[in-house]
file run-v3.cif (mmCIF, C-alpha atoms)
data_coords
#
loop_
_atom_site.label_atom_id
_atom_site.label_comp_id
_atom_site.auth_asym_id
_atom_site.auth_seq_id
_atom_site.Cartn_x
_atom_site.Cartn_y
_atom_site.Cartn_z
CA MET A 29 -11.98 -104.81 -45.71
CA GLU A 30 -12.34 -106.21 -42.19
CA PHE A 31 -12.66 -109.92 -41.45
CA SER A 32 -14.91 -111.79 -39.02
CA ILE A 33 -13.55 -113.95 -36.21
CA LEU A 34 -14.42 -117.12 -38.14
CA THR A 35 -12.51 -115.86 -41.19
CA VAL A 36 -9.48 -115.03 -39.05
CA ILE A 37 -9.53 -118.52 -37.52
CA LEU A 38 -9.77 -120.18 -40.94
CA VAL A 39 -6.92 -118.08 -42.32
CA LEU A 40 -4.73 -118.93 -39.31
CA ILE A 41 -5.45 -122.64 -39.82
CA VAL A 42 -4.43 -122.39 -43.47
CA ALA A 43 -1.28 -120.47 -42.48
CA LEU A 44 -0.43 -123.10 -39.86
CA LEU A 45 -0.87 -125.93 -42.35
CA ALA A 46 1.18 -124.10 -45.00
CA GLY A 47 4.03 -123.56 -42.55
CA MET A 48 4.09 -127.20 -41.50
CA GLU A 49 3.78 -128.45 -45.07
CA SER A 50 6.84 -126.44 -46.10
CA ILE A 51 8.75 -129.02 -44.04
CA LEU A 52 6.57 -132.13 -44.37
CA ASP A 53 6.02 -131.68 -48.12
CA GLN A 54 3.20 -134.24 -48.10
CA PHE A 55 -0.03 -132.47 -49.06
CA GLN A 56 1.51 -129.38 -50.74
CA PHE A 57 -0.45 -126.82 -48.71
CA HIS A 58 2.58 -124.53 -48.93
CA GLN A 59 2.42 -124.33 -52.72
CA PRO A 60 1.15 -120.88 -53.83
CA ILE A 61 -1.72 -122.24 -55.93
CA ILE A 62 -3.03 -124.17 -52.90
CA ALA A 63 -2.31 -121.67 -50.12
CA CYS A 64 -3.62 -118.62 -51.98
CA SER A 65 -6.73 -120.49 -53.10
CA LEU A 66 -7.48 -121.57 -49.52
CA ILE A 67 -6.95 -118.03 -48.24
CA GLY A 68 -9.29 -116.79 -50.96
CA LEU A 69 -11.86 -119.42 -50.00
CA ALA A 70 -11.65 -118.51 -46.31
CA THR A 71 -12.08 -114.79 -47.03
CA GLY A 72 -14.80 -115.14 -49.65
CA HIS A 73 -12.57 -114.25 -52.63
CA LEU A 74 -11.85 -117.66 -54.11
CA SER A 75 -11.40 -116.57 -57.73
CA GLU A 76 -8.99 -113.77 -56.77
CA GLY A 77 -7.00 -116.19 -54.62
CA ILE A 78 -6.74 -118.73 -57.43
CA ILE A 79 -5.55 -116.08 -59.91
CA LEU A 80 -2.91 -114.80 -57.50
CA GLY A 81 -1.85 -118.34 -56.59
CA GLY A 82 -1.47 -119.26 -60.25
CA ALA A 83 0.76 -116.25 -60.87
CA LEU A 84 2.89 -116.97 -57.80
CA GLN A 85 3.13 -120.66 -58.72
CA LEU A 86 4.97 -119.69 -61.89
CA LEU A 87 7.49 -117.83 -59.73
CA ALA A 88 7.86 -120.76 -57.35
CA LEU A 89 8.58 -123.30 -60.10
CA GLY A 90 12.29 -122.75 -59.66
CA TRP A 91 12.23 -122.63 -55.85
CA ALA A 92 13.64 -125.85 -54.43
CA ASN A 93 15.84 -126.86 -51.52
CA ILE A 94 19.12 -128.21 -52.90
CA GLY A 95 21.47 -129.61 -50.28
CA ALA A 96 22.07 -126.99 -47.61
CA ALA A 97 20.72 -124.21 -49.86
CA VAL A 98 17.22 -123.29 -48.66
CA ALA A 99 14.79 -121.91 -51.24
CA PRO A 100 12.76 -118.74 -50.61
CA ASP A 101 9.84 -119.27 -48.26
CA ALA A 102 6.91 -120.03 -50.55
CA ALA A 103 4.54 -120.66 -47.62
CA LEU A 104 4.94 -117.23 -46.02
CA ALA A 105 5.02 -115.52 -49.41
CA SER A 106 1.77 -117.16 -50.50
CA VAL A 107 -0.21 -116.63 -47.30
CA ALA A 108 0.96 -113.09 -46.56
CA SER A 109 0.65 -111.79 -50.12
CA ALA A 110 -2.86 -113.27 -50.43
CA ILE A 111 -3.92 -111.52 -47.22
CA ILE A 112 -2.45 -108.21 -48.37
CA PHE A 113 -3.99 -108.62 -51.83
CA ILE A 114 -7.47 -109.22 -50.40
CA LYS A 115 -7.26 -106.57 -47.67
CA ALA A 116 -6.17 -103.96 -50.23
CA GLY A 117 -9.33 -104.65 -52.23
CA ASP A 118 -7.62 -103.87 -55.55
CA PHE A 119 -8.17 -106.97 -57.68
CA SER A 120 -6.99 -105.37 -60.91
CA ALA A 121 -3.86 -106.44 -62.78
CA GLU A 122 -1.93 -103.61 -61.14
CA GLY A 123 -3.04 -104.70 -57.67
CA ARG A 124 -2.00 -108.25 -58.46
CA ILE A 125 1.45 -107.09 -59.59
CA ILE A 126 1.93 -105.27 -56.29
CA ALA A 127 0.90 -108.40 -54.39
CA ILE A 128 3.38 -110.48 -56.39
CA ALA A 129 6.14 -107.96 -55.71
CA THR A 130 5.28 -108.15 -52.02
CA ALA A 131 5.42 -111.94 -52.17
CA VAL A 132 8.94 -111.94 -53.59
CA THR A 133 10.10 -109.69 -50.75
CA LEU A 134 8.32 -111.76 -48.11
CA ALA A 135 9.83 -114.97 -49.51
CA THR A 136 13.28 -113.58 -48.80
CA VAL A 137 12.28 -112.33 -45.35
CA GLY A 138 10.88 -115.78 -44.63
CA LEU A 139 14.38 -117.22 -44.88
CA VAL A 140 15.30 -115.28 -41.73
CA LEU A 141 12.34 -116.75 -39.86
CA THR A 142 13.28 -120.20 -41.16
CA MET A 143 16.79 -119.75 -39.76
CA VAL A 144 15.39 -118.78 -36.35
CA VAL A 145 13.05 -121.78 -36.25
CA ARG A 146 15.73 -124.23 -37.33
CA THR A 147 18.06 -122.88 -34.66
CA LEU A 148 15.30 -123.41 -32.11
CA SER A 149 14.85 -126.94 -33.44
CA VAL A 150 18.35 -127.82 -32.25
CA VAL A 151 17.18 -127.33 -28.66
CA ILE A 152 14.03 -129.34 -29.35
CA VAL A 153 16.06 -132.23 -30.79
CA HIS A 154 18.15 -132.37 -27.61
CA GLN A 155 14.95 -132.61 -25.58
CA ALA A 156 13.81 -135.48 -27.79
CA ASP A 157 17.20 -137.18 -27.26
CA ARG A 158 16.78 -136.96 -23.49
CA ALA A 159 13.34 -138.51 -23.76
CA ALA A 160 14.77 -141.31 -25.91
CA GLU A 161 17.50 -142.01 -23.35
CA HIS A 162 14.79 -142.69 -20.75
CA GLY A 163 12.76 -144.82 -23.15
CA ASN A 164 9.99 -142.22 -23.21
CA PHE A 165 8.51 -142.76 -26.67
CA ARG A 166 5.63 -140.39 -25.99
CA GLY A 167 8.15 -137.72 -25.09
CA VAL A 168 10.00 -138.20 -28.37
CA GLU A 169 6.73 -137.99 -30.26
CA PHE A 170 5.72 -134.87 -28.29
CA TRP A 171 8.92 -132.99 -29.14
CA HIS A 172 8.55 -133.94 -32.79
CA TYR A 173 5.13 -132.33 -32.78
CA VAL A 174 6.54 -129.27 -31.02
CA ALA A 175 9.19 -128.86 -33.70
CA LEU A 176 6.53 -129.21 -36.39
CA ALA A 177 4.29 -126.67 -34.64
CA THR A 178 7.08 -124.08 -34.62
CA GLN A 179 7.26 -124.34 -38.40
CA GLY A 180 3.54 -123.69 -38.59
CA LEU A 181 3.72 -120.74 -36.19
CA ARG A 182 6.48 -119.29 -38.36
CA VAL A 183 3.77 -118.50 -40.93
CA ALA A 184 0.70 -118.29 -38.70
CA ILE A 185 2.04 -115.49 -36.47
CA PRO A 186 2.89 -113.07 -39.33
CA ALA A 187 -0.45 -113.96 -40.94
CA GLY A 188 -2.27 -113.14 -37.70
CA LEU A 189 -0.51 -109.79 -37.43
CA LEU A 190 -1.48 -108.94 -41.01
CA MET A 191 -5.10 -109.89 -40.34
CA PHE A 192 -5.37 -107.35 -37.52
CA ILE A 193 -3.76 -104.48 -39.44
CA PRO A 194 -6.54 -102.12 -40.61
CA SER A 195 -7.31 -102.37 -44.30
CA SER A 196 -6.92 -98.59 -44.67
CA VAL A 197 -3.31 -98.85 -43.51
CA VAL A 198 -2.59 -101.59 -46.06
CA GLN A 199 -4.24 -99.63 -48.87
CA LYS A 200 -2.32 -96.43 -48.07
CA ALA A 201 0.96 -98.32 -47.84
CA LEU A 202 0.46 -99.93 -51.24
CA GLU A 203 -0.70 -96.70 -52.84
CA SER A 204 2.42 -94.93 -51.60
CA LEU A 205 4.69 -97.28 -53.56
CA PRO A 206 6.33 -95.39 -56.45
CA LYS A 207 5.47 -96.41 -59.98
CA TRP A 208 9.08 -97.22 -60.85
CA PHE A 209 9.13 -99.77 -58.02
CA THR A 210 5.94 -101.59 -59.01
CA GLU A 211 6.89 -101.63 -62.70
CA GLY A 212 10.40 -102.83 -61.87
CA MET A 213 9.06 -105.64 -59.71
CA ALA A 214 6.67 -106.64 -62.50
CA ILE A 215 9.58 -106.91 -64.94
CA GLY A 216 11.67 -108.77 -62.37
CA GLY A 217 8.80 -111.13 -61.65
CA GLY A 218 8.53 -111.96 -65.34
CA MET A 219 12.24 -112.78 -65.43
CA VAL A 220 11.90 -115.02 -62.38
CA VAL A 221 9.11 -116.92 -64.15
CA ALA A 222 11.42 -117.52 -67.12
CA VAL A 223 14.15 -118.75 -64.79
CA GLY A 224 11.66 -121.05 -63.06
CA PHE A 225 10.59 -122.58 -66.36
CA ALA A 226 14.23 -122.99 -67.38
CA MET A 227 15.10 -124.81 -64.14
CA VAL A 228 12.12 -127.14 -64.46
CA ILE A 229 12.97 -127.92 -68.08
CA ASN A 230 16.58 -128.56 -67.09
CA LEU A 231 15.46 -131.05 -64.42
CA MET A 232 13.09 -132.88 -66.77
CA ALA A 233 15.41 -132.86 -69.77
CA THR A 234 15.42 -136.63 -70.33
CA LYS A 235 14.47 -138.52 -73.45
CA GLU A 236 11.70 -140.30 -71.55
CA VAL A 237 9.95 -137.06 -70.55
CA TRP A 238 10.45 -134.86 -73.61
CA PRO A 239 7.58 -136.50 -75.60
CA PHE A 240 5.10 -135.62 -72.84
CA PHE A 241 6.50 -132.08 -72.69
CA PHE A 242 5.94 -131.43 -76.39
CA LEU A 243 2.59 -133.21 -76.33
CA GLY A 244 1.42 -130.75 -73.71
CA PHE A 245 2.41 -127.81 -75.90
CA ALA A 246 0.61 -129.41 -78.85
CA LEU A 247 -2.62 -129.81 -76.86
CA ALA A 248 -2.53 -126.41 -75.16
CA PRO A 249 -3.60 -124.31 -78.21
CA ILE A 250 -6.70 -126.45 -78.81
CA SER A 251 -9.44 -124.11 -77.63
CA GLU A 252 -12.05 -126.87 -77.39
CA LEU A 253 -10.08 -128.54 -74.61
CA THR A 254 -10.77 -127.15 -71.14
CA LEU A 255 -8.25 -127.32 -68.31
CA ILE A 256 -10.21 -130.22 -66.84
CA ALA A 257 -10.06 -132.13 -70.13
CA THR A 258 -6.33 -131.45 -70.46
CA GLY A 259 -5.81 -132.65 -66.90
CA ILE A 260 -7.72 -135.84 -67.58
CA ILE A 261 -5.57 -136.52 -70.65
CA GLY A 262 -2.42 -135.99 -68.61
CA LEU A 263 -3.69 -138.27 -65.84
CA CYS A 264 -4.55 -141.01 -68.33
CA LEU A 265 -1.11 -140.79 -69.93
CA ALA A 266 0.51 -141.02 -66.51
CA ILE A 267 -1.54 -144.11 -65.59
CA ILE A 268 -0.69 -145.78 -68.90
CA TYR A 269 2.99 -145.00 -68.44
CA ILE A 270 3.02 -146.39 -64.87
CA ASN A 271 1.24 -149.58 -65.93
CA LEU A 272 3.71 -150.11 -68.78
CA SER A 273 6.60 -149.55 -66.38
CA LYS A 274 5.39 -152.40 -64.18
CA ASN A 275 5.79 -154.89 -67.03
CA LYS A 276 9.58 -154.57 -66.95
CA GLY A 277 9.79 -155.40 -70.65
CA GLY A 278 8.00 -158.79 -70.39
CA GLY A 279 9.87 -162.03 -70.82
CA GLY A 280 11.45 -164.27 -73.41
CA GLY A 281 14.31 -163.84 -75.85
CA GLY A 282 17.49 -162.01 -75.18
CA ASN A 283 15.92 -158.59 -75.04
CA THR A 284 17.08 -156.37 -72.22
CA SER A 285 14.85 -153.84 -70.55
CA SER A 286 15.65 -150.74 -68.52
CA GLY A 287 12.27 -150.85 -66.81
CA ASP A 288 11.22 -147.70 -68.67
CA PRO A 289 8.99 -148.64 -71.64
CA LEU A 290 9.30 -145.30 -73.37
CA GLY A 291 13.06 -145.31 -72.90
CA ASP A 292 13.32 -148.79 -74.37
CA ILE A 293 11.29 -147.76 -77.41
CA LEU A 294 13.46 -144.69 -77.96
CA ASN A 295 16.64 -146.75 -77.63
CA ASP A 296 15.57 -148.77 -80.67
CA TYR A 297 15.66 -145.64 -82.89
#

call {"tool": "encode", "arguments": {"input": "run-v3.cif", "output": "structure tokens"}}
result
Amino acid sequence: MEFSILTVILVLIVALLAGMESILDQFQFHQPIIACSLIGLATGHLSEGIILGGALQLLALGWANIGAAVAPDAALASVASAIIFIKAGDFSAEGRIIAIATAVTLATVGLVLTMVVRTLSVVIVHQADRAAEHGNFRGVEFWHYVALATQGLRVAIPAGLLMFIPSSVVQKALESLPKWFTEGMAIGGGMVVAVGFAMVINLMATKEVWPFFFLGFALAPISELTLIATGIIGLCLAIIYINLSKNKGGGGGGNTSSGDPLGDILNDY
């Protein structure tokens, strides 16, 4: 499958945004469900991109930067695996497993690129310091943008190289993978998903959040509820919770409030 110039440009823009968002963390373009969906949209395979992004998102649940420990590169993994998945043209479950296995490998390789870019950022910071010493605010702003652009290029350059690799080469490379490797990566990917869920549950294991957690499980089996309906219910619960939190327990009497309405209710039992 060969791509047009417009498709290549759109994919590179998505890759650039994903790379920058992995540092900014504002609009979540680097999340697999977003990046893969956008790659799918740009290449005309939106549904395939969403399915792959959903599978990779389960893997990325446990990926988080903690202190000096940098998580695997979700941005590069999402963009590159989506490109490989679409160029291979195999949208079956087996093809998706191979793409996921590739993503796990690329996420680790992305850490090397991240190290290179962050080392380069040290030089850029010194340039910004020199501009600040001379009161050049535009210079400081310029070097900030340069540092941000390097993070985007960290993903955009590999994505561009993958776009220009012939589809036949990608297909032959994936077909040459032994069965024990693909099956092993599928099993390993399932274990990573379990670890991701466990880490998320560990982070949210508070008495204020547990009711929402179990409520979600109770609503999930209801077949009449679509994903949109479930999302609306979750959004409404979040809005109600935020509005109750603003009340700070009201006034009067000697009652004390923690500022968390659900926590205060649970403390009474």

call {"tool": "closest_atom_pairs", "arguments": {"input": "run-v3.cif", "of": "range 100-136 of chain A", "to": "range 159-179 of chain A", "cutoff": "12 Å", "atoms": "only C-alpha atoms", "output": "tab-separated table"}}
result
residue	atom	partner	partner_atom	distance
A:Asp101	CA	A:Gln179	CA	11.4
A:Ala103	CA	A:Gln179	CA	10.3
A:Leu104	CA	A:Gln179	CA	10.7

call {"tool": "closest_atom_pairs", "arguments": {"input": "run-v3.cif", "of": "range 104-184 of chain A", "to": "range 56-59 of chain A", "cutoff": "10 Å", "atoms": "all atoms listed in the file", "output": "JSON lines"}}
result
{"residue": "A:Leu104", "atom": "CA", "partner": "A:His58", "partner_atom": "CA", "distance": 8.2}
{"residue": "A:Ala105", "atom": "CA", "partner": "A:His58", "partner_atom": "CA", "distance": 9.3}
{"residue": "A:Ser106", "atom": "CA", "partner": "A:Gln59", "partner_atom": "CA", "distance": 7.5}
{"residue": "A:Val107", "atom": "CA", "partner": "A:His58", "partner_atom": "CA", "distance": 8.5}

call {"tool": "residues_around", "arguments": {"input": "run-v3.cif", "residues": "Leu44 in chain A", "least_positions_apart": "2", "cutoff": "12 Å", "atoms": "all atoms listed in the file", "output": "ChimeraX atom specification"}}
result
/A:37-42,46-51,57-58,63,67,103-104,107,176-188

call {"tool": "atom_distance", "arguments": {"input": "run-v3.cif", "atom1": "CA of Phe113 in chain A", "atom2": "CA of Thr136 in chain A"}}
result
18.2 Å

call {"tool": "closest_residue", "arguments": {"input": "run-v3.cif", "among": "A:Ser65, A:Ser149, A:Thr258, A:Ser109", "to": "Ala127 in chain A", "atoms": "only C-alpha atoms"}}
result
A:Ser109

call {"tool": "atom_distance", "arguments": {"input": "run-v3.cif", "atom1": "CA of Ile62 in chain A", "atom2": "CA of Lys200 in chain A"}}
result
28.2 Å

call {"tool": "atom_distance", "arguments": {"input": "run-v3.cif", "atom1": "CA of Glu211 in chain A", "atom2": "CA of Thr130 in chain A"}}
result
12.6 Å

call {"tool": "residues_near_point", "arguments": {"input": "run-v3.cif", "point": "(-10.3, -115.7, -52.0)", "cutoff": "12 Å", "atoms": "all atoms listed in the file", "output": "VMD selection string"}}
result
chain A and resid 35 38 to 39 61 to 81 107 109 to 115 117 119
